[in-house]
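J.: Following this line is final00.pdb, made up of PDB, N, CA, C and O atoms:
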ATOM      1  N   MET A 140       0.173 -18.014   4.385
ATOM      2  CA  MET A 140       0.767 -17.965   5.703
ATOM      3  C   MET A 140       0.925 -16.499   6.108
ATOM      4  O   MET A 140       1.135 -15.631   5.268
ATOM      5  N   HIS A 141       0.828 -16.238   7.361
ATOM      6  CA  HIS A 141       0.960 -14.882   7.859
ATOM      7  C   HIS A 141       1.982 -14.841   8.979
ATOM      8  O   HIS A 141       2.306 -15.873   9.572
ATOM      9  N   PRO A 142       2.495 -13.654   9.288
ATOM     10  CA  PRO A 142       3.441 -13.541  10.393
ATOM     11  C   PRO A 142       2.718 -13.783  11.720
ATOM     12  O   PRO A 142       1.487 -13.825  11.759
ATOM     13  N   PRO A 143       3.467 -13.943  12.802
ATOM     14  CA  PRO A 143       2.814 -14.108  14.109
ATOM     15  C   PRO A 143       1.840 -12.958  14.385
ATOM     16  O   PRO A 143       2.161 -11.799  14.125
ATOM     17  N   LEU A 144       0.692 -13.295  14.891
ATOM     18  CA  LEU A 144      -0.368 -12.309  15.075
ATOM     19  C   LEU A 144      -0.288 -11.660  16.457
ATOM     20  O   LEU A 144      -1.188 -11.783  17.282
ATOM     21  N   THR A 145       0.796 -10.950  16.694
ATOM     22  CA  THR A 145       0.952 -10.228  17.952
ATOM     23  C   THR A 145       0.511  -8.793  17.735
ATOM     24  O   THR A 145       0.914  -8.140  16.774
ATOM     25  N   LEU A 146      -0.324  -8.322  18.623
ATOM     26  CA  LEU A 146      -0.923  -7.003  18.467
ATOM     27  C   LEU A 146       0.105  -5.880  18.571
ATOM     28  O   LEU A 146      -0.007  -4.870  17.884
ATOM     29  N   HIS A 147       1.113  -6.050  19.418
ATOM     30  CA  HIS A 147       2.082  -4.968  19.588
ATOM     31  C   HIS A 147       2.991  -4.800  18.368
ATOM     32  O   HIS A 147       3.536  -3.735  18.148
ATOM     33  N   LYS A 148       3.131  -5.824  17.546
ATOM     34  CA  LYS A 148       3.957  -5.714  16.345
ATOM     35  C   LYS A 148       3.165  -5.172  15.153
ATOM     36  O   LYS A 148       3.750  -4.702  14.182
ATOM     37  N   HIS A 149       1.852  -5.265  15.235
ATOM     38  CA  HIS A 149       0.993  -4.831  14.124
ATOM     39  C   HIS A 149      -0.137  -3.938  14.642
ATOM     40  O   HIS A 149      -1.311  -4.307  14.577
ATOM     41  N   PRO A 150       0.193  -2.747  15.125
ATOM     42  CA  PRO A 150      -0.855  -1.894  15.698
ATOM     43  C   PRO A 150      -1.897  -1.437  14.669
ATOM     44  O   PRO A 150      -3.055  -1.245  15.022
ATOM     45  N   MET A 151      -1.489  -1.298  13.412
ATOM     46  CA  MET A 151      -2.446  -0.882  12.377
ATOM     47  C   MET A 151      -3.514  -1.944  12.134
ATOM     48  O   MET A 151      -4.631  -1.620  11.750
ATOM     49  N   CYS A 152      -3.166  -3.189  12.339
ATOM     50  CA  CYS A 152      -4.051  -4.302  12.003
ATOM     51  C   CYS A 152      -4.663  -4.961  13.237
ATOM     52  O   CYS A 152      -5.234  -6.051  13.142
ATOM     53  N   ALA A 153      -4.565  -4.321  14.385
ATOM     54  CA  ALA A 153      -4.993  -4.935  15.647
ATOM     55  C   ALA A 153      -6.456  -5.376  15.623
ATOM     56  O   ALA A 153      -6.792  -6.484  16.059
ATOM     57  N   GLU A 154      -7.331  -4.532  15.101
ATOM     58  CA  GLU A 154      -8.761  -4.853  15.091
ATOM     59  C   GLU A 154      -9.042  -6.087  14.220
ATOM     60  O   GLU A 154      -9.793  -6.983  14.622
ATOM     61  N   ILE A 155      -8.417  -6.148  13.063
ATOM     62  CA  ILE A 155      -8.627  -7.293  12.163
ATOM     63  C   ILE A 155      -8.032  -8.560  12.760
ATOM     64  O   ILE A 155      -8.627  -9.639  12.645
ATOM     65  N   ILE A 156      -6.885  -8.437  13.420
ATOM     66  CA  ILE A 156      -6.267  -9.602  14.069
ATOM     67  C   ILE A 156      -7.207 -10.172  15.119
ATOM     68  O   ILE A 156      -7.406 -11.392  15.191
ATOM     69  N   GLU A 157      -7.789  -9.286  15.926
ATOM     70  CA  GLU A 157      -8.717  -9.745  16.968
ATOM     71  C   GLU A 157      -9.931 -10.443  16.361
ATOM     72  O   GLU A 157     -10.369 -11.484  16.856
ATOM     73  N   GLN A 158     -10.472  -9.880  15.288
ATOM     74  CA  GLN A 158     -11.621 -10.500  14.623
ATOM     75  C   GLN A 158     -11.243 -11.865  14.048
ATOM     76  O   GLN A 158     -12.017 -12.825  14.150
ATOM     77  N   PHE A 159     -10.065 -11.937  13.457
ATOM     78  CA  PHE A 159      -9.593 -13.184  12.848
ATOM     79  C   PHE A 159      -9.393 -14.264  13.911
ATOM     80  O   PHE A 159      -9.830 -15.413  13.737
ATOM     81  N   GLN A 160      -8.774 -13.905  15.028
ATOM     82  CA  GLN A 160      -8.577 -14.869  16.111
ATOM     83  C   GLN A 160      -9.910 -15.303  16.715
ATOM     84  O   GLN A 160     -10.096 -16.485  17.040
ATOM     85  N   LYS A 161     -10.838 -14.366  16.839
ATOM     86  CA  LYS A 161     -12.172 -14.691  17.359
ATOM     87  C   LYS A 161     -12.879 -15.658  16.415
ATOM     88  O   LYS A 161     -13.524 -16.618  16.850
ATOM     89  N   CYS A 162     -12.745 -15.432  15.113
ATOM     90  CA  CYS A 162     -13.359 -16.316  14.112
ATOM     91  C   CYS A 162     -12.806 -17.735  14.248
ATOM     92  O   CYS A 162     -13.552 -18.706  14.176
ATOM     93  N   HIS A 163     -11.507 -17.843  14.447
ATOM     94  CA  HIS A 163     -10.897 -19.167  14.598
ATOM     95  C   HIS A 163     -11.390 -19.877  15.855
ATOM     96  O   HIS A 163     -11.568 -21.099  15.839
ATOM     97  N   VAL A 164     -11.621 -19.120  16.918
ATOM     98  CA  VAL A 164     -12.117 -19.716  18.163
ATOM     99  C   VAL A 164     -13.575 -20.143  18.002
ATOM    100  O   VAL A 164     -13.975 -21.233  18.432
ATOM    101  N   GLU A 165     -14.376 -19.295  17.343
ATOM    102  CA  GLU A 165     -15.800 -19.577  17.191
ATOM    103  C   GLU A 165     -16.078 -20.665  16.154
ATOM    104  O   GLU A 165     -17.129 -21.295  16.198
ATOM    105  N   HIS A 166     -15.184 -20.864  15.216
ATOM    106  CA  HIS A 166     -15.385 -21.837  14.144
ATOM    107  C   HIS A 166     -14.172 -22.772  14.046
ATOM    108  O   HIS A 166     -13.409 -22.714  13.072
ATOM    109  N   PRO A 167     -14.003 -23.672  15.040
ATOM    110  CA  PRO A 167     -12.810 -24.524  15.052
ATOM    111  C   PRO A 167     -12.694 -25.450  13.831
ATOM    112  O   PRO A 167     -11.591 -25.754  13.392
ATOM    113  N   VAL A 168     -13.805 -25.873  13.275
ATOM    114  CA  VAL A 168     -13.757 -26.731  12.088
ATOM    115  C   VAL A 168     -14.014 -25.904  10.827
ATOM    116  O   VAL A 168     -13.380 -26.124   9.789
ATOM    117  N   GLY A 169     -14.905 -24.934  10.938
ATOM    118  CA  GLY A 169     -15.260 -24.109   9.795
ATOM    119  C   GLY A 169     -14.087 -23.320   9.238
ATOM    120  O   GLY A 169     -14.056 -22.992   8.050
ATOM    121  N   LYS A 170     -13.098 -23.030  10.093
ATOM    122  CA  LYS A 170     -11.945 -22.266   9.611
ATOM    123  C   LYS A 170     -11.199 -23.022   8.513
ATOM    124  O   LYS A 170     -10.539 -22.418   7.672
ATOM    125  N   PHE A 171     -11.311 -24.343   8.505
ATOM    126  CA  PHE A 171     -10.650 -25.154   7.475
ATOM    127  C   PHE A 171     -11.439 -25.169   6.168
ATOM    128  O   PHE A 171     -10.929 -25.608   5.138
ATOM    129  N   PHE A 172     -12.691 -24.723   6.226
ATOM    130  CA  PHE A 172     -13.547 -24.744   5.045
ATOM    131  C   PHE A 172     -13.940 -23.343   4.584
ATOM    132  O   PHE A 172     -14.971 -23.162   3.945
ATOM    133  N   GLY A 173     -13.131 -22.346   4.933
ATOM    134  CA  GLY A 173     -13.327 -21.000   4.412
ATOM    135  C   GLY A 173     -14.193 -20.077   5.239
ATOM    136  O   GLY A 173     -14.584 -19.017   4.760
ATOM    137  N   GLU A 174     -14.503 -20.451   6.445
ATOM    138  CA  GLU A 174     -15.358 -19.619   7.293
ATOM    139  C   GLU A 174     -14.703 -18.264   7.604
ATOM    140  O   GLU A 174     -15.376 -17.255   7.710
ATOM    141  N   CYS A 175     -13.390 -18.241   7.718
ATOM    142  CA  CYS A 175     -12.667 -17.023   8.105
ATOM    143  C   CYS A 175     -11.856 -16.428   6.945
ATOM    144  O   CYS A 175     -11.003 -15.575   7.166
ATOM    145  N   THR A 176     -12.133 -16.856   5.742
ATOM    146  CA  THR A 176     -11.337 -16.446   4.586
ATOM    147  C   THR A 176     -11.425 -14.947   4.319
ATOM    148  O   THR A 176     -10.414 -14.314   3.991
ATOM    149  N   ASP A 177     -12.596 -14.360   4.463
ATOM    150  CA  ASP A 177     -12.737 -12.921   4.221
ATOM    151  C   ASP A 177     -11.856 -12.112   5.168
ATOM    152  O   ASP A 177     -11.216 -11.135   4.762
ATOM    153  N   LEU A 178     -11.835 -12.532   6.426
ATOM    154  CA  LEU A 178     -10.978 -11.840   7.393
ATOM    155  C   LEU A 178      -9.504 -12.045   7.068
ATOM    156  O   LEU A 178      -8.692 -11.137   7.242
ATOM    157  N   LYS A 179      -9.172 -13.212   6.590
ATOM    158  CA  LYS A 179      -7.782 -13.507   6.207
ATOM    159  C   LYS A 179      -7.347 -12.606   5.058
ATOM    160  O   LYS A 179      -6.229 -12.068   5.056
ATOM    161  N   ILE A 180      -8.217 -12.385   4.107
ATOM    162  CA  ILE A 180      -7.911 -11.500   2.978
ATOM    163  C   ILE A 180      -7.711 -10.065   3.479
ATOM    164  O   ILE A 180      -6.764  -9.384   3.082
ATOM    165  N   LYS A 181      -8.593  -9.608   4.372
ATOM    166  CA  LYS A 181      -8.448  -8.270   4.950
ATOM    167  C   LYS A 181      -7.133  -8.149   5.720
ATOM    168  O   LYS A 181      -6.443  -7.131   5.640
ATOM    169  N   LEU A 182      -6.795  -9.201   6.448
ATOM    170  CA  LEU A 182      -5.562  -9.215   7.236
ATOM    171  C   LEU A 182      -4.345  -9.136   6.324
ATOM    172  O   LEU A 182      -3.414  -8.367   6.580
ATOM    173  N   ASP A 183      -4.345  -9.896   5.255
ATOM    174  CA  ASP A 183      -3.228  -9.864   4.298
ATOM    175  C   ASP A 183      -3.067  -8.472   3.690
ATOM    176  O   ASP A 183      -1.949  -7.964   3.551
ATOM    177  N   ARG A 184      -4.181  -7.840   3.344
ATOM    178  CA  ARG A 184      -4.124  -6.483   2.771
ATOM    179  C   ARG A 184      -3.576  -5.486   3.785
ATOM    180  O   ARG A 184      -2.775  -4.609   3.445
ATOM    181  N   CYS A 185      -4.008  -5.634   5.009
ATOM    182  CA  CYS A 185      -3.541  -4.742   6.069
ATOM    183  C   CYS A 185      -2.034  -4.920   6.280
ATOM    184  O   CYS A 185      -1.298  -3.937   6.419
ATOM    185  N   PHE A 186      -1.567  -6.162   6.301
ATOM    186  CA  PHE A 186      -0.136  -6.414   6.466
ATOM    187  C   PHE A 186       0.661  -5.813   5.311
ATOM    188  O   PHE A 186       1.746  -5.267   5.505
ATOM    189  N   ARG A 187       0.133  -5.909   4.095
ATOM    190  CA  ARG A 187       0.830  -5.324   2.939
ATOM    191  C   ARG A 187       0.937  -3.803   3.079
ATOM    192  O   ARG A 187       1.981  -3.219   2.796
ATOM    193  N   GLN A 188      -0.161  -3.173   3.509
ATOM    194  CA  GLN A 188      -0.152  -1.716   3.693
ATOM    195  C   GLN A 188       0.841  -1.327   4.788
ATOM    196  O   GLN A 188       1.596  -0.363   4.644
ATOM    197  N   GLU A 189       0.819  -2.079   5.866
ATOM    198  CA  GLU A 189       1.718  -1.811   6.975
ATOM    199  C   GLU A 189       3.182  -1.952   6.538
ATOM    200  O   GLU A 189       4.021  -1.107   6.855
ATOM    201  N   LYS A 190       3.456  -2.984   5.766
ATOM    202  CA  LYS A 190       4.819  -3.213   5.289
ATOM    203  C   LYS A 190       5.259  -2.097   4.340
ATOM    204  O   LYS A 190       6.404  -1.642   4.386
ATOM    205  N   ALA A 191       4.354  -1.638   3.492
ATOM    206  CA  ALA A 191       4.679  -0.553   2.559
ATOM    207  C   ALA A 191       5.025   0.728   3.318
ATOM    208  O   ALA A 191       5.971   1.433   2.955
ATOM    209  N   LEU A 192       4.279   1.026   4.376
ATOM    210  CA  LEU A 192       4.569   2.211   5.180
ATOM    211  C   LEU A 192       5.926   2.092   5.874
ATOM    212  O   LEU A 192       6.710   3.039   5.904
ATOM    213  N   LYS A 193       6.207   0.916   6.417
ATOM    214  CA  LYS A 193       7.490   0.700   7.079
ATOM    215  C   LYS A 193       8.636   0.805   6.073
ATOM    216  O   LYS A 193       9.686   1.374   6.366
ATOM    217  N   ARG A 194       8.428   0.235   4.892
ATOM    218  CA  ARG A 194       9.460   0.270   3.852
ATOM    219  C   ARG A 194       9.756   1.713   3.459
ATOM    220  O   ARG A 194      10.909   2.118   3.313
ATOM    221  N   LYS A 195       8.701   2.522   3.303
ATOM    222  CA  LYS A 195       8.879   3.923   2.931
ATOM    223  C   LYS A 195       9.622   4.690   4.028
ATOM    224  O   LYS A 195      10.533   5.474   3.741
ATOM    225  N   ALA A 196       9.255   4.452   5.279
ATOM    226  CA  ALA A 196       9.921   5.124   6.397
ATOM    227  C   ALA A 196      11.394   4.724   6.471
ATOM    228  O   ALA A 196      12.265   5.574   6.691
ATOM    229  N   ASN A 197      11.677   3.450   6.278
ATOM    230  CA  ASN A 197      13.064   2.985   6.303
ATOM    231  C   ASN A 197      13.868   3.597   5.163
ATOM    232  O   ASN A 197      15.042   3.940   5.334
ATOM    233  N   PHE A 198      13.249   3.737   3.991
ATOM    234  CA  PHE A 198      13.932   4.327   2.849
ATOM    235  C   PHE A 198      14.277   5.785   3.123
ATOM    236  O   PHE A 198      15.387   6.243   2.829
ATOM    237  N   GLU A 199      13.320   6.526   3.700
ATOM    238  CA  GLU A 199      13.573   7.935   4.029
ATOM    239  C   GLU A 199      14.701   8.053   5.060
ATOM    240  O   GLU A 199      15.559   8.917   4.938
ATOM    241  N   GLU A 200      14.686   7.192   6.043
ATOM    242  CA  GLU A 200      15.738   7.194   7.059
ATOM    243  C   GLU A 200      17.091   6.865   6.427
ATOM    244  O   GLU A 200      18.114   7.467   6.758
ATOM    245  N   SER A 201      17.096   5.940   5.500
ATOM    246  CA  SER A 201      18.316   5.560   4.794
ATOM    247  C   SER A 201      18.871   6.734   3.986
ATOM    248  O   SER A 201      20.087   6.957   3.958
ATOM    249  N   LYS A 202      17.985   7.483   3.322
ATOM    250  CA  LYS A 202      18.428   8.644   2.547
ATOM    251  C   LYS A 202      19.086   9.686   3.452
ATOM    252  O   LYS A 202      20.132  10.246   3.103
ATOM    253  N   LYS A 203      18.501   9.916   4.617
ATOM    254  CA  LYS A 203      19.077  10.879   5.562
ATOM    255  C   LYS A 203      20.455  10.412   6.032
ATOM    256  O   LYS A 203      21.395  11.197   6.107
ATOM    257  N   PHE A 204      20.566   9.132   6.337
ATOM    258  CA  PHE A 204      21.835   8.586   6.798
ATOM    259  C   PHE A 204      22.903   8.688   5.716
ATOM    260  O   PHE A 204      24.053   9.037   5.994
ATOM    261  N   LYS A 205      22.535   8.403   4.468
ATOM    262  CA  LYS A 205      23.486   8.495   3.365
ATOM    263  C   LYS A 205      23.977   9.925   3.183
ATOM    264  O   LYS A 205      25.161  10.153   2.910
ATOM    265  N   GLU A 206      23.082  10.899   3.333
ATOM    266  CA  GLU A 206      23.477  12.304   3.223
ATOM    267  C   GLU A 206      24.454  12.679   4.331
ATOM    268  O   GLU A 206      25.450  13.366   4.096
ATOM    269  N   GLN A 207      24.178  12.217   5.540
ATOM    270  CA  GLN A 207      25.083  12.487   6.651
ATOM    271  C   GLN A 207      26.445  11.847   6.401
ATOM    272  O   GLN A 207      27.483  12.451   6.675
ATOM    273  N   LEU A 208      26.441  10.645   5.884
ATOM    274  CA  LEU A 208      27.684   9.939   5.595
ATOM    275  C   LEU A 208      28.479  10.658   4.507
ATOM    276  O   LEU A 208      29.699  10.810   4.629
ATOM    277  N   ARG A 209      27.807  11.110   3.463
ATOM    278  CA  ARG A 209      28.486  11.872   2.398
ATOM    279  C   ARG A 209      29.117  13.140   2.954
ATOM    280  O   ARG A 209      30.256  13.483   2.624
ATOM    281  N   ALA A 210      28.373  13.855   3.766
ATOM    282  CA  ALA A 210      28.888  15.090   4.363
ATOM    283  C   ALA A 210      30.094  14.796   5.243
ATOM    284  O   ALA A 210      31.095  15.518   5.205
ATOM    285  N   PHE A 211      30.021  13.735   6.015
ATOM    286  CA  PHE A 211      31.127  13.353   6.896
ATOM    287  C   PHE A 211      32.364  12.996   6.075
ATOM    288  O   PHE A 211      33.474  13.430   6.382
ATOM    289  N   ARG A 212      32.186  12.218   5.017
ATOM    290  CA  ARG A 212      33.316  11.828   4.168
ATOM    291  C   ARG A 212      33.920  13.048   3.469
ATOM    292  O   ARG A 212      35.130  13.161   3.339
ATOM    293  N   LYS A 213      33.052  13.938   3.010
ATOM    294  CA  LYS A 213      33.527  15.137   2.333
ATOM    295  C   LYS A 213      34.337  16.002   3.286
ATOM    296  O   LYS A 213      35.387  16.544   2.950
ATOM    297  N   GLU A 214      33.848  16.115   4.515
ATOM    298  CA  GLU A 214      34.538  16.892   5.546
ATOM    299  C   GLU A 214      35.892  16.279   5.877
ATOM    300  O   GLU A 214      36.897  16.983   5.986
ATOM    301  N   ASN A 215      35.933  14.959   6.005
ATOM    302  CA  ASN A 215      37.184  14.273   6.315
ATOM    303  C   ASN A 215      38.160  14.359   5.156
ATOM    304  O   ASN A 215      39.367  14.472   5.358
ATOM    305  N   ALA A 216      37.680  14.285   3.941
ATOM    306  CA  ALA A 216      38.534  14.370   2.767
ATOM    307  C   ALA A 216      39.154  15.765   2.669
ATOM    308  O   ALA A 216      40.324  15.919   2.324
ATOM    309  N   ALA A 217      38.357  16.787   2.980
ATOM    310  CA  ALA A 217      38.855  18.164   2.920
ATOM    311  C   ALA A 217      39.879  18.422   4.012
ATOM    312  O   ALA A 217      40.907  19.039   3.775
ATOM    313  N   SER A 218      39.643  17.933   5.214
ATOM    314  CA  SER A 218      40.583  18.151   6.302
ATOM    315  C   SER A 218      41.795  17.218   6.206
ATOM    316  O   SER A 218      42.858  17.542   6.698
ATOM    317  N   GLY A 219      41.652  16.093   5.560
ATOM    318  CA  GLY A 219      42.772  15.153   5.391
ATOM    319  C   GLY A 219      43.764  15.608   4.356
ATOM    320  O   GLY A 219      44.960  15.322   4.426
ATOM    321  N   SER A 220      43.334  16.387   3.368
ATOM    322  CA  SER A 220      44.222  16.831   2.302
ATOM    323  C   SER A 220      44.971  18.110   2.685
ATOM    324  O   SER A 220      45.854  18.548   1.991
ATOM    325  N   GLN A 221      44.613  18.731   3.799
ATOM    326  CA  GLN A 221      45.281  19.964   4.217
ATOM    327  C   GLN A 221      46.519  19.709   4.989
ATOM    328  O   GLN A 221      46.941  18.925   5.593
TER     329      GLN A 221
END
Any chance you could put this one into structure tokens?
T.:
Amino acid sequence: MHPPLTLHKHPMCAEIIEQFQKCHVEHPVGKFFGECTDLKIKLDRCFRQEKALKRKANFEESKKFKEQLRAFRKENAASGSQ
């Protein structure tokens, strides 16, 4: 199973999504017998790569936020004890 194939949510995989949807239109019965399987495999790989990039970006953003939070708490602790 794959996520909804909306191009604006998956810009990295847009070309493969279009090919996959075209394959399904051109082979309405063949899609059930593996006609579009190669494209499906490419699509799954692309989604995994896209997810890994998003995960890495979110992790970096989280690290920055945690540093800001630590600095804020340290500042408040120093000014609260005075």
J.: Can you give me, as a ChimeraX atom specification, the residues this file yields under the PyMOL selection byres (((chain A and resi 150-166 and name CA) around 9) and name CA)?
T.: /A:144-149,167-171,174-175,178-179,181-182,185-186,189
J.: Go ahead and compute the interatomic distance for atom CA of A:Arg212 and atom CA of A:Glu199, in Å to one decimal.
T.: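 Taking atom CA of A:Arg212 as the start and atom CA of A:Glu199 as the end point, the length is 20.1 Å.
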J.: If I wrap all listed atoms of stretch 143-157 of chain A in a box with edges along x, y and z and add 3 Å on each side, what are its centre and edge lengths in Å to one decimal, as JSON?
T.:
{"center_x": -3.2, "center_y": -7.5, "center_z": 15.7, "size_x": 20.3, "size_y": 19.2, "size_z": 13.8}
J.: Could you tell me, as a PyMOL selection string, which residues of chain A DSSP assigns to helix (DSSP H, G or I) when given the backbone?
T.: chain A and resi 150-165+169-172+176-219
J.: So how far away is atom C of A:Pro142 from atom C of A:Asp183, in Å?
T.: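 Between these atoms lies a distance of 11.2 Å.
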J.: Quick one: pull the distance between atom O of A:Glu214 and atom CA of A:Glu200, Å, one decimal.
T.: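 Interatomic distance, atom O of A:Glu214 to atom CA of A:Glu200: 23.3 Å.
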